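So this block is run-v4.cif, mmCIF, C-alpha atoms:
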data_protein
#
loop_
_atom_site.label_atom_id
_atom_site.label_comp_id
_atom_site.auth_asym_id
_atom_site.auth_seq_id
_atom_site.Cartn_x
_atom_site.Cartn_y
_atom_site.Cartn_z
CA MET A 1 -17.51 -80.18 -6.15
CA ASN A 2 -18.72 -77.20 -4.23
CA HIS A 3 -20.56 -79.43 -1.87
CA ASN A 4 -17.45 -81.55 -1.38
CA ASN A 5 -15.31 -78.53 -0.69
CA GLN A 6 -17.79 -77.28 1.80
CA GLN A 7 -17.82 -80.62 3.52
CA SER A 8 -14.08 -80.79 3.76
CA SER A 9 -13.86 -77.24 5.06
CA ASP A 10 -16.54 -78.06 7.59
CA GLY A 11 -14.61 -81.13 8.56
CA ARG A 12 -11.52 -79.04 9.01
CA HIS A 13 -13.42 -76.64 11.17
CA ASP A 14 -14.61 -79.52 13.28
CA ASP A 15 -11.09 -80.90 13.57
CA ASP A 16 -9.80 -77.48 14.43
CA ALA A 17 -12.41 -77.04 17.11
CA ALA A 18 -11.75 -80.52 18.48
CA LEU A 19 -8.02 -79.88 18.55
CA THR A 20 -8.44 -76.54 20.28
CA GLU A 21 -10.71 -78.14 22.82
CA PHE A 22 -8.27 -80.99 23.39
CA LEU A 23 -5.32 -78.66 23.79
CA ALA A 24 -7.34 -76.52 26.19
CA SER A 25 -8.22 -79.62 28.21
CA LEU A 26 -4.49 -80.37 28.46
CA MET A 27 -4.06 -77.19 30.48
CA ASP A 28 -6.15 -78.72 33.26
CA TYR A 29 -4.70 -82.21 32.92
CA THR A 30 -1.47 -82.92 34.76
CA PRO A 31 0.51 -85.70 33.09
CA THR A 32 2.61 -88.03 35.21
CA ILE A 33 5.74 -86.85 33.46
CA PRO A 34 6.29 -83.35 34.83
CA ASP A 35 6.53 -80.35 32.52
CA GLU A 36 10.00 -79.44 33.72
CA LEU A 37 11.37 -82.85 32.77
CA VAL A 38 9.78 -82.79 29.33
CA GLU A 39 11.05 -79.27 28.75
CA HIS A 40 14.54 -80.43 29.63
CA TYR A 41 14.45 -83.26 27.11
CA LEU A 42 12.88 -81.03 24.46
CA ALA A 43 15.48 -78.34 24.94
CA LYS A 44 18.21 -80.96 24.82
CA SER A 45 17.05 -82.06 21.37
CA GLY A 46 16.58 -78.59 19.93
CA PHE A 47 12.84 -78.30 20.21
CA HIS A 48 11.92 -74.74 21.00
CA CYS A 49 8.36 -73.67 21.66
CA PRO A 50 7.04 -71.42 24.42
CA ASP A 51 3.59 -73.02 24.34
CA VAL A 52 2.95 -75.11 27.46
CA ARG A 53 0.21 -77.05 25.71
CA LEU A 54 2.68 -78.58 23.27
CA THR A 55 4.90 -79.64 26.17
CA ARG A 56 1.86 -81.24 27.76
CA LEU A 57 1.03 -82.96 24.47
CA VAL A 58 4.50 -84.48 24.32
CA ALA A 59 4.19 -85.53 27.96
CA VAL A 60 0.83 -87.16 27.35
CA ALA A 61 2.08 -88.93 24.22
CA THR A 62 5.06 -90.30 26.12
CA GLN A 63 2.87 -91.33 29.00
CA LYS A 64 0.60 -93.16 26.57
CA PHE A 65 3.60 -94.96 25.09
CA VAL A 66 4.91 -96.05 28.48
CA ALA A 67 1.46 -97.06 29.66
CA GLU A 68 0.95 -99.20 26.58
CA VAL A 69 4.26 -100.94 27.05
CA ALA A 70 3.53 -101.44 30.74
CA SER A 71 0.07 -102.87 30.09
CA ASP A 72 1.53 -105.23 27.50
CA ALA A 73 4.10 -106.35 30.03
CA LEU A 74 1.36 -106.80 32.59
CA GLN A 75 -0.58 -109.03 30.22
CA GLN A 76 2.57 -111.08 29.60
CA CYS A 77 3.14 -111.33 33.34
CA LYS A 78 -0.42 -112.48 34.03
CA ALA A 79 -0.34 -115.00 31.20
CA ARG A 80 2.94 -116.44 32.45
CA GLN A 81 1.64 -116.68 36.00
CA SER A 82 -1.59 -118.37 35.00
CA ALA A 83 0.47 -120.94 33.12
CA VAL A 84 2.70 -121.52 36.13
CA VAL A 85 -0.11 -121.72 38.64
CA LYS A 86 -1.62 -124.75 37.00
CA ASP A 87 1.56 -126.70 37.53
CA LYS A 88 2.51 -125.72 41.05
CA ARG A 89 -0.03 -124.64 43.58
CA ASP A 90 2.45 -124.12 46.40
CA LYS A 91 4.24 -121.35 44.64
CA GLN A 92 1.00 -119.67 43.71
CA GLN A 93 1.09 -117.17 46.52
CA LYS A 94 4.71 -116.36 45.98
CA ASP A 95 4.42 -115.76 42.30
CA LYS A 96 1.13 -113.96 42.29
CA ARG A 97 2.76 -110.61 42.97
CA LEU A 98 2.79 -108.55 39.82
CA ILE A 99 6.39 -107.69 39.18
CA LEU A 100 7.75 -105.93 36.14
CA THR A 101 10.44 -108.29 34.95
CA MET A 102 12.91 -108.01 32.16
CA GLU A 103 11.41 -111.05 30.49
CA ASP A 104 7.93 -109.57 30.19
CA LEU A 105 9.27 -106.14 29.35
CA SER A 106 11.36 -107.41 26.47
CA LYS A 107 8.33 -109.22 25.05
CA ALA A 108 6.21 -106.09 25.39
CA LEU A 109 8.87 -103.89 23.86
CA ARG A 110 9.31 -106.21 20.90
CA GLU A 111 5.74 -105.38 19.92
CA SER A 112 6.58 -101.69 19.81
CA GLY A 113 9.72 -102.18 17.79
CA VAL A 114 12.42 -102.22 20.46
CA ASN A 115 14.57 -105.30 20.60
CA VAL A 116 15.83 -105.79 24.10
CA LYS A 117 17.81 -108.86 24.84
CA HIS A 118 18.29 -109.25 28.51
CA GLN A 119 21.48 -110.77 29.72
CA GLU A 120 20.77 -114.23 30.92
CA TYR A 121 23.79 -114.70 33.13
CA PHE A 122 23.66 -111.44 35.01
CA ALA A 123 20.70 -112.06 37.26
CA ASP A 124 19.67 -108.97 39.15
CA SER A 125 18.09 -110.57 42.18
CA PRO A 126 19.67 -109.68 45.54
CA SER A 127 20.78 -113.28 46.04
CA THR A 128 23.18 -113.00 43.11
CA GLY A 129 26.20 -111.98 45.11
CA ILE A 130 25.64 -114.58 47.82
CA ASP A 131 27.94 -117.51 48.11
CA PRO A 132 26.49 -120.37 46.04
CA ALA A 133 27.68 -122.88 48.62
CA SER A 134 25.76 -121.16 51.42
CA ARG A 135 22.71 -120.94 49.19
CA GLU A 136 22.83 -124.65 48.63
CA GLU A 137 22.97 -125.29 52.34
CA MET B 1 39.50 -124.59 49.20
CA LYS B 2 39.15 -124.19 45.54
CA GLN B 3 35.47 -123.52 45.85
CA ILE B 4 36.00 -120.85 48.45
CA PHE B 5 38.64 -119.20 46.35
CA LYS B 6 36.42 -119.33 43.35
CA THR B 7 33.52 -117.77 45.19
CA LYS B 8 35.75 -115.01 46.43
CA SER B 9 36.87 -114.21 42.98
CA LYS B 10 33.27 -114.32 41.84
CA ARG B 11 32.33 -111.87 44.53
CA LYS B 12 35.03 -109.57 43.36
CA GLN B 13 33.76 -109.88 39.86
CA TYR B 14 30.25 -109.04 40.91
CA ARG B 15 31.46 -106.06 42.86
CA SER B 16 33.44 -104.77 39.99
CA ILE B 17 30.48 -105.24 37.69
CA ALA B 18 28.27 -103.34 40.11
CA GLU B 19 30.78 -100.51 40.32
CA TYR B 20 31.10 -100.49 36.57
CA GLU B 21 27.34 -100.29 36.23
CA ASP B 22 27.19 -97.44 38.70
CA GLU B 23 29.72 -95.56 36.67
CA GLU B 24 28.17 -96.50 33.39
CA THR B 25 24.50 -95.82 33.98
CA PRO B 26 23.52 -92.19 33.54
CA THR B 27 23.32 -90.85 37.04
CA GLU B 28 21.84 -87.63 35.90
CA PHE B 29 19.07 -85.96 37.77
CA SER B 30 16.78 -86.11 34.76
CA PHE B 31 17.21 -89.86 34.45
CA LYS B 32 16.23 -90.35 38.07
CA LEU B 33 13.19 -88.14 37.66
CA THR B 34 12.15 -90.09 34.57
CA ARG B 35 12.54 -93.28 36.54
CA VAL B 36 10.15 -91.98 39.18
CA ALA B 37 7.61 -91.00 36.54
CA VAL B 38 7.91 -94.33 34.74
CA SER B 39 7.52 -96.28 37.95
CA GLN B 40 4.43 -94.24 38.76
CA ILE B 41 2.95 -95.11 35.39
CA CYS B 42 3.78 -98.79 35.93
CA ARG B 43 2.09 -98.71 39.29
CA SER B 44 -0.98 -97.06 37.83
CA MET B 45 -1.16 -99.86 35.28
CA GLY B 46 -1.25 -102.43 38.10
CA PHE B 47 2.30 -103.51 38.83
CA LYS B 48 3.24 -103.96 42.46
CA ALA B 49 7.00 -104.11 42.01
CA ALA B 50 9.67 -104.00 39.36
CA GLN B 51 13.10 -105.39 38.70
CA ARG B 52 15.68 -102.70 38.74
CA SER B 53 17.08 -103.58 35.34
CA ALA B 54 13.63 -103.68 33.76
CA LEU B 55 12.73 -100.31 35.22
CA GLU B 56 15.96 -98.77 34.02
CA THR B 57 15.49 -100.18 30.54
CA LEU B 58 12.01 -98.76 30.35
CA THR B 59 13.28 -95.44 31.69
CA SER B 60 16.01 -95.16 29.11
CA ILE B 61 13.57 -96.07 26.36
CA THR B 62 11.19 -93.40 27.63
CA SER B 63 13.88 -90.74 27.56
CA LYS B 64 14.90 -91.85 24.09
CA TYR B 65 11.30 -91.66 22.95
CA LEU B 66 11.06 -88.09 24.27
CA GLU B 67 14.28 -87.09 22.58
CA GLU B 68 13.26 -88.74 19.33
CA VAL B 69 9.94 -86.90 19.22
CA ALA B 70 11.67 -83.61 19.97
CA LYS B 71 14.35 -84.21 17.34
CA LEU B 72 11.84 -85.10 14.64
CA ALA B 73 9.66 -82.10 15.48
CA SER B 74 12.59 -79.71 15.44
CA SER B 75 13.81 -81.15 12.14
CA TYR B 76 10.35 -80.61 10.65
CA SER B 77 10.39 -77.00 11.83
CA GLN B 78 13.89 -76.49 10.45
CA GLU B 79 12.80 -77.90 7.13
CA SER B 80 10.32 -75.08 6.82
CA ASN B 81 12.85 -72.45 7.94
CA ARG B 82 11.56 -71.87 11.42
CA THR B 83 13.35 -71.92 14.74
CA GLN B 84 10.18 -72.38 16.77
CA SER B 85 8.25 -75.61 16.42
CA ASN B 86 4.49 -75.65 16.24
CA ILE B 87 1.69 -78.15 16.58
CA PHE B 88 2.02 -79.39 13.01
CA ASP B 89 5.67 -80.30 13.47
CA LEU B 90 4.80 -82.11 16.64
CA ILE B 91 1.92 -84.03 15.10
CA SER B 92 4.00 -85.18 12.14
CA ALA B 93 6.77 -86.19 14.54
CA LEU B 94 4.31 -88.24 16.57
CA ASN B 95 3.05 -89.77 13.33
CA ASP B 96 6.56 -90.73 12.37
CA VAL B 97 7.33 -92.22 15.75
CA SER B 98 4.24 -94.39 15.96
CA SER B 99 3.46 -95.27 12.35
CA PRO B 100 6.26 -97.68 11.39
CA ILE B 101 5.85 -99.76 14.52
CA GLN B 102 2.32 -100.20 15.69
CA GLY B 103 0.28 -98.31 13.16
CA PHE B 104 -2.84 -96.36 13.93
CA VAL B 105 -6.18 -95.55 12.39
CA GLY B 106 -5.60 -93.56 9.21
CA ALA B 107 -1.86 -94.21 9.02
CA ALA B 108 -2.12 -95.00 5.32
CA THR B 109 -3.56 -91.59 4.47
CA VAL B 110 -1.52 -89.42 6.80
CA HIS B 111 -0.16 -87.20 4.09
CA ASP B 112 -3.39 -86.93 2.14
CA THR B 113 -5.61 -85.62 4.88
CA CYS B 114 -5.33 -82.69 7.23
CA LEU B 115 -2.84 -83.22 10.00
CA LEU B 116 -5.26 -82.04 12.62
CA SER B 117 -7.60 -84.96 11.97
CA CYS B 118 -4.95 -87.68 12.20
CA GLY B 119 -5.43 -90.80 14.23
CA VAL B 120 -2.54 -90.23 16.61
CA LEU B 121 -4.13 -87.14 18.09
CA LYS B 122 -7.44 -88.91 18.47
CA GLU B 123 -5.78 -91.80 20.22
CA ILE B 124 -3.99 -89.44 22.57
CA SER B 125 -7.15 -87.52 23.36
CA GLY B 126 -8.89 -90.81 24.00
CA PHE B 127 -6.05 -91.81 26.32
CA VAL B 128 -6.39 -88.53 28.20
CA LYS B 129 -10.11 -89.07 28.63
CA CYS B 130 -9.76 -92.69 29.74
CA THR B 131 -6.90 -92.52 32.20
CA ASP B 132 -6.99 -90.95 35.61
CA GLU B 133 -4.55 -88.24 36.45
CA THR B 134 -1.56 -89.39 38.44
CA PRO B 135 0.50 -86.29 39.04
CA PHE B 136 4.23 -86.54 39.68
CA ALA B 137 5.13 -87.56 43.21
CA LYS B 138 6.87 -84.36 44.17
CA PRO B 139 6.86 -80.89 42.71
CA ILE B 140 10.19 -80.18 41.05
CA PRO B 141 11.81 -76.91 41.99
CA ARG B 142 13.09 -74.92 39.07
CA ASN B 143 16.85 -74.66 38.98
CA TYR B 144 17.81 -72.26 41.75
CA ALA B 145 21.08 -71.23 40.12
CA ALA B 146 19.26 -70.52 36.88
CA THR B 147 16.74 -68.28 38.59
CA LEU B 148 19.59 -66.50 40.37
CA SER B 149 21.39 -65.88 37.13
CA MET B 150 18.12 -64.73 35.59
CA SER B 151 17.59 -62.17 38.32
CA ARG B 152 21.18 -61.05 37.91
CA LEU B 153 20.63 -60.81 34.19
CA ASN B 154 17.57 -58.67 34.74
CA LYS B 155 19.59 -56.40 37.03
CA THR B 156 22.42 -55.99 34.59
CA VAL B 157 20.27 -55.73 31.53
CA SER B 158 17.93 -53.18 33.04
CA LYS B 159 20.66 -50.56 32.97
CA PRO B 160 21.52 -50.85 29.30
CA ASN B 161 17.81 -51.10 28.69
CA SER B 162 17.35 -47.59 29.96
CA MET B 163 20.12 -46.54 27.62
CA GLY B 164 18.29 -48.14 24.73
CA LEU B 165 20.87 -50.88 24.17
CA GLN B 166 18.62 -53.82 24.79
CA SER B 167 16.03 -53.40 22.08
CA HIS B 168 18.21 -54.73 19.27
CA ILE B 169 19.63 -57.70 21.21
CA PRO B 170 17.66 -60.90 20.54
CA GLY B 171 16.38 -62.69 23.59
CA TRP B 172 18.17 -65.94 22.91
CA LEU B 173 21.66 -64.46 23.21
CA PRO B 174 23.54 -65.23 26.42
CA ALA B 175 23.38 -62.79 29.27
CA PHE B 176 25.59 -59.77 29.47
CA PRO B 177 28.33 -60.16 32.05
CA ASP B 178 27.96 -58.29 35.29
CA ALA B 179 28.38 -54.58 34.72
CA GLY B 180 31.18 -54.42 37.27
CA THR B 181 33.39 -56.63 35.13
CA TYR B 182 33.76 -54.25 32.23
CA LYS B 183 33.01 -50.89 33.83
CA GLU B 184 35.15 -51.30 36.91
CA CYS B 185 38.29 -51.63 34.82
CA LYS B 186 38.08 -48.19 33.26
CA GLU B 187 37.29 -46.69 36.62
CA ILE B 188 40.38 -48.12 38.30
CA ARG B 189 42.63 -46.97 35.54
CA LYS B 190 41.27 -43.47 35.69
CA THR B 191 41.45 -43.09 39.44
CA GLY B 192 44.80 -44.85 39.70
CA HIS B 193 46.31 -42.69 37.02
CA LEU B 194 44.98 -39.47 38.43
CA TRP B 195 45.68 -40.31 42.01
CA GLU B 196 49.25 -41.40 41.55
CA ASN B 197 50.49 -38.74 39.21
CA SER B 198 49.51 -35.26 40.17
CA GLU B 199 48.17 -33.44 43.24
CA PHE B 200 46.21 -31.06 41.12
CA VAL B 201 43.95 -33.75 39.75
CA GLN B 202 43.75 -35.28 43.19
CA GLU B 203 41.86 -32.25 44.41
CA ASN B 204 39.50 -32.53 41.50
CA GLN B 205 39.00 -36.20 42.15
CA SER B 206 35.79 -35.75 44.03
CA LYS B 207 34.26 -33.98 41.08
CA CYS B 208 35.67 -36.61 38.77
CA GLY B 209 34.21 -39.34 40.92
CA GLU B 210 30.84 -37.70 40.80
CA VAL B 211 30.94 -37.50 37.05
CA ILE B 212 31.91 -41.13 36.77
CA GLU B 213 29.16 -42.06 39.16
CA ARG B 214 26.70 -40.15 37.09
CA ILE B 215 27.83 -41.85 33.94
CA LEU B 216 28.10 -45.36 35.23
CA GLY B 217 25.75 -45.53 38.15
CA GLY B 218 27.44 -48.76 39.29
CA ASP B 219 27.80 -49.89 42.85
CA LEU B 220 31.48 -50.60 42.57
CA ALA B 221 32.23 -47.19 41.11
CA VAL B 222 30.82 -45.46 44.15
CA GLU B 223 32.83 -47.51 46.62
CA ARG B 224 36.10 -47.07 44.81
CA GLY B 225 35.54 -43.35 44.59
CA LYS B 226 35.04 -43.07 48.31
CA VAL B 227 38.14 -45.03 49.18
CA SER B 228 40.45 -43.12 46.94
CA PHE B 229 38.95 -39.83 48.06
CA LYS B 230 39.63 -40.51 51.75
CA PHE B 231 43.15 -41.53 51.06
CA GLY B 232 43.71 -38.45 48.98
CA VAL B 233 42.41 -36.17 51.72
CA LYS B 234 44.64 -37.82 54.29
CA ALA B 235 47.64 -37.46 52.07
CA ALA B 236 46.79 -33.85 51.42
CA ARG B 237 46.43 -33.21 55.17
CA ASN B 238 49.72 -34.93 55.90
CA GLY B 239 51.35 -32.87 53.22
CA LEU B 240 49.92 -29.66 54.70
#
Since I need it in another form, could you write the structure as structure tokens?
Amino acid sequence: MNHNNQQSSDGRHDDDAALTEFLASLMDYTPTIPDELVEHYLAKSGFHCPDVRLTRLVAVATQKFVAEVASDALQQCKARQSAVVKDKRDKQQKDKRLILTMEDLSKALRESGVNVKHQEYFADSPSTGIDPASREE
Amino acid sequence: MKQIFKTKSKRKQYRSIAEYEDEETPTEFSFKLTRVAVSQICRSMGFKAAQRSALETLTSITSKYLEEVAKLASSYSQESNRTQSNIFDLISALNDVSSPIQGFVGAATVHDTCLLSCGVLKEISGFVKCTDETPFAKPIPRNYAATLSMSRLNKTVSKPNSMGLQSHIPGWLPAFPDAGTYKECKEIRKTGHLWENSEFVQENQSKCGEVIERILGGDLAVERGKVSFKFGVKAARNGL
């Protein structure tokens, strides 16, 4: 029992040290989401803490979330393109640009619990407003 | 003819939809800043371009994620009767946000083990180690009006501070109004009353003004005193 307790307390010490080290490293790390923006959102939701490291931690967590969603979407995009390329080689160059589309994003977000259904009839390409007759010509 | 008419009406529809969207989407400054940050993250992940709607969806989800984390953390801190949140609130909030969806290492034993050793923190620290820093595109200036009001607050509060009024006022209370707004009033009444009614007090006005200046020490008090004094002297001279 004593041994166990000692182990757990040691473990806690290790965790504590690791956490302190991590939080200290956050002071040097600049997240993509700026502190001011995070502070604004935190203050808006009633979170009050003067510690900058916690703000940074929130920023890093959010950045991780967005990066995961984006990388998922990127994988979807690449998979879709590799499927398309086999069929049509002419369009290969056109489609090879990596574009974040609603289609890929909604698939990526579904994995993280957000159900986005993108409106199929409101296309958001710039050619949407153009006269269909002229487009046909 | 019909086709042309139809297309025209369609155009109108599109326009109205666009206008509606412009009105509807949050045009706040913070939303735009978030959009910049999100697009930077997307670019760092390897995207070359993005649809506008996709980017805005991701932006709004990001801001909701931020707000959700903050709300959960503040509710945890309120549960334990605190106004300030600490690291434990934040960690349990992050646990709550990520556990029901994706899961993480040690999610099953979150509440049995120490919070500091939870998987979420480890994942985040791993993320920090793995990814390169991509700082925000432009430094954001702090709100100029806010800093102005802060300096004004310091000015106004410094006077009561010397009188020992400030020590019992908690920091989170709103700023005192400018000293001129509640001190000036008394001053006018005094001078107006004295100046209009009797010549005897008019002669003593300079002394009175000095006393008031000594008590208040405000800028406005000094100016008013001077004006009324000159006028009084002129009147006295005219009378003589």
Care to translate the PyMOL selection byres ((chain A and resi 19) around 12) into actual residues of this file, as a tab-separated table (two decimals) with C-alpha atoms, in the frame of the given file?
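Wrote it out as result34.tsv, contents follow:
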chain	number	residue	atom	x	y	z
A	12	ARG	CA	-11.52	-79.04	9.01
A	13	HIS	CA	-13.42	-76.64	11.17
A	14	ASP	CA	-14.61	-79.52	13.28
A	15	ASP	CA	-11.09	-80.90	13.57
A	16	ASP	CA	-9.80	-77.48	14.43
A	17	ALA	CA	-12.41	-77.04	17.11
A	18	ALA	CA	-11.75	-80.52	18.48
A	20	THR	CA	-8.44	-76.54	20.28
A	21	GLU	CA	-10.71	-78.14	22.82
A	22	PHE	CA	-8.27	-80.99	23.39
A	23	LEU	CA	-5.32	-78.66	23.79
A	24	ALA	CA	-7.34	-76.52	26.19
A	25	SER	CA	-8.22	-79.62	28.21
A	26	LEU	CA	-4.49	-80.37	28.46
A	53	ARG	CA	0.21	-77.05	25.71
A	54	LEU	CA	2.68	-78.58	23.27
A	57	LEU	CA	1.03	-82.96	24.47
B	87	ILE	CA	1.69	-78.15	16.58
B	88	PHE	CA	2.02	-79.39	13.01
B	91	ILE	CA	1.92	-84.03	15.10
B	114	CYS	CA	-5.33	-82.69	7.23
B	115	LEU	CA	-2.84	-83.22	10.00
B	116	LEU	CA	-5.26	-82.04	12.62
B	117	SER	CA	-7.60	-84.96	11.97
B	118	CYS	CA	-4.95	-87.68	12.20
B	120	VAL	CA	-2.54	-90.23	16.61
B	121	LEU	CA	-4.13	-87.14	18.09
B	122	LYS	CA	-7.44	-88.91	18.47
B	124	ILE	CA	-3.99	-89.44	22.57
B	125	SER	CA	-7.15	-87.52	23.36
Give me the residues near Ala93 (chain B) as a PyMOL selection string, where near means some atom within 12 Å (using all atoms listed in the file) and where sequence neighbours in that chain fewer than 3 positions away do not count. (chain A and resi 47+57-58+61) or (chain B and resi 65-77+85-90+96-100+110+115+120-121)
With a distance cut-off of 9 Å and only C-alpha atoms, select the neighbouring residues of region 70-73 of chain A, excluding the residue or stretch itself and same-chain residues fewer than 5 positions from it, and output the selection as a ChimeraX atom specification. /A:65,78,100-101,103-109,111 /B:41-42,45-47,58
Chain A residues within 6 Å of chain B, counting all atoms listed in the file: which ones, as a list in words? Asp15, Thr30, Pro31, Thr32, Ile33, Tyr41, Leu42, Ser45, Phe47, His48, Cys49, Ala70, Leu98, Ile99, Leu100, Thr101, Met102, Ser112 and Gly113 of chain A
May I have the residues from that selection written out with C-alpha atoms, as a compact mmCIF listing (two decimals), in the frame of the given file?
# COMPACT_ATOMS: atom_id res chain seq x y z
CA ASP A 15 -11.09 -80.90 13.57
CA THR A 30 -1.47 -82.92 34.76
CA PRO A 31 0.51 -85.70 33.09
CA THR A 32 2.61 -88.03 35.21
CA ILE A 33 5.74 -86.85 33.46
CA TYR A 41 14.45 -83.26 27.11
CA LEU A 42 12.88 -81.03 24.46
CA SER A 45 17.05 -82.06 21.37
CA PHE A 47 12.84 -78.30 20.21
CA HIS A 48 11.92 -74.74 21.00
CA CYS A 49 8.36 -73.67 21.66
CA ALA A 70 3.53 -101.44 30.74
CA LEU A 98 2.79 -108.55 39.82
CA ILE A 99 6.39 -107.69 39.18
CA LEU A 100 7.75 -105.93 36.14
CA THR A 101 10.44 -108.29 34.95
CA MET A 102 12.91 -108.01 32.16
CA SER A 112 6.58 -101.69 19.81
CA GLY A 113 9.72 -102.18 17.79
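Reported to one decimal place, the separation of CA of Ala59 (chain A) from CA of Glu39 (chain A) is 9.3 Å.
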When distances are computed from all atoms listed in the file, which of A:Arg56, A:Lys44, A:Arg110, A:Lys64 shows the smallest separation from Met27 (chain A)? A:Arg56
One decimal, Å: what's the distance from CA of His40 (chain A) over to CA of Ala175 (chain B), could you say?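 Calculated distance between CA of His40 (chain A) and CA of Ala175 (chain B) is 19.7 Å.
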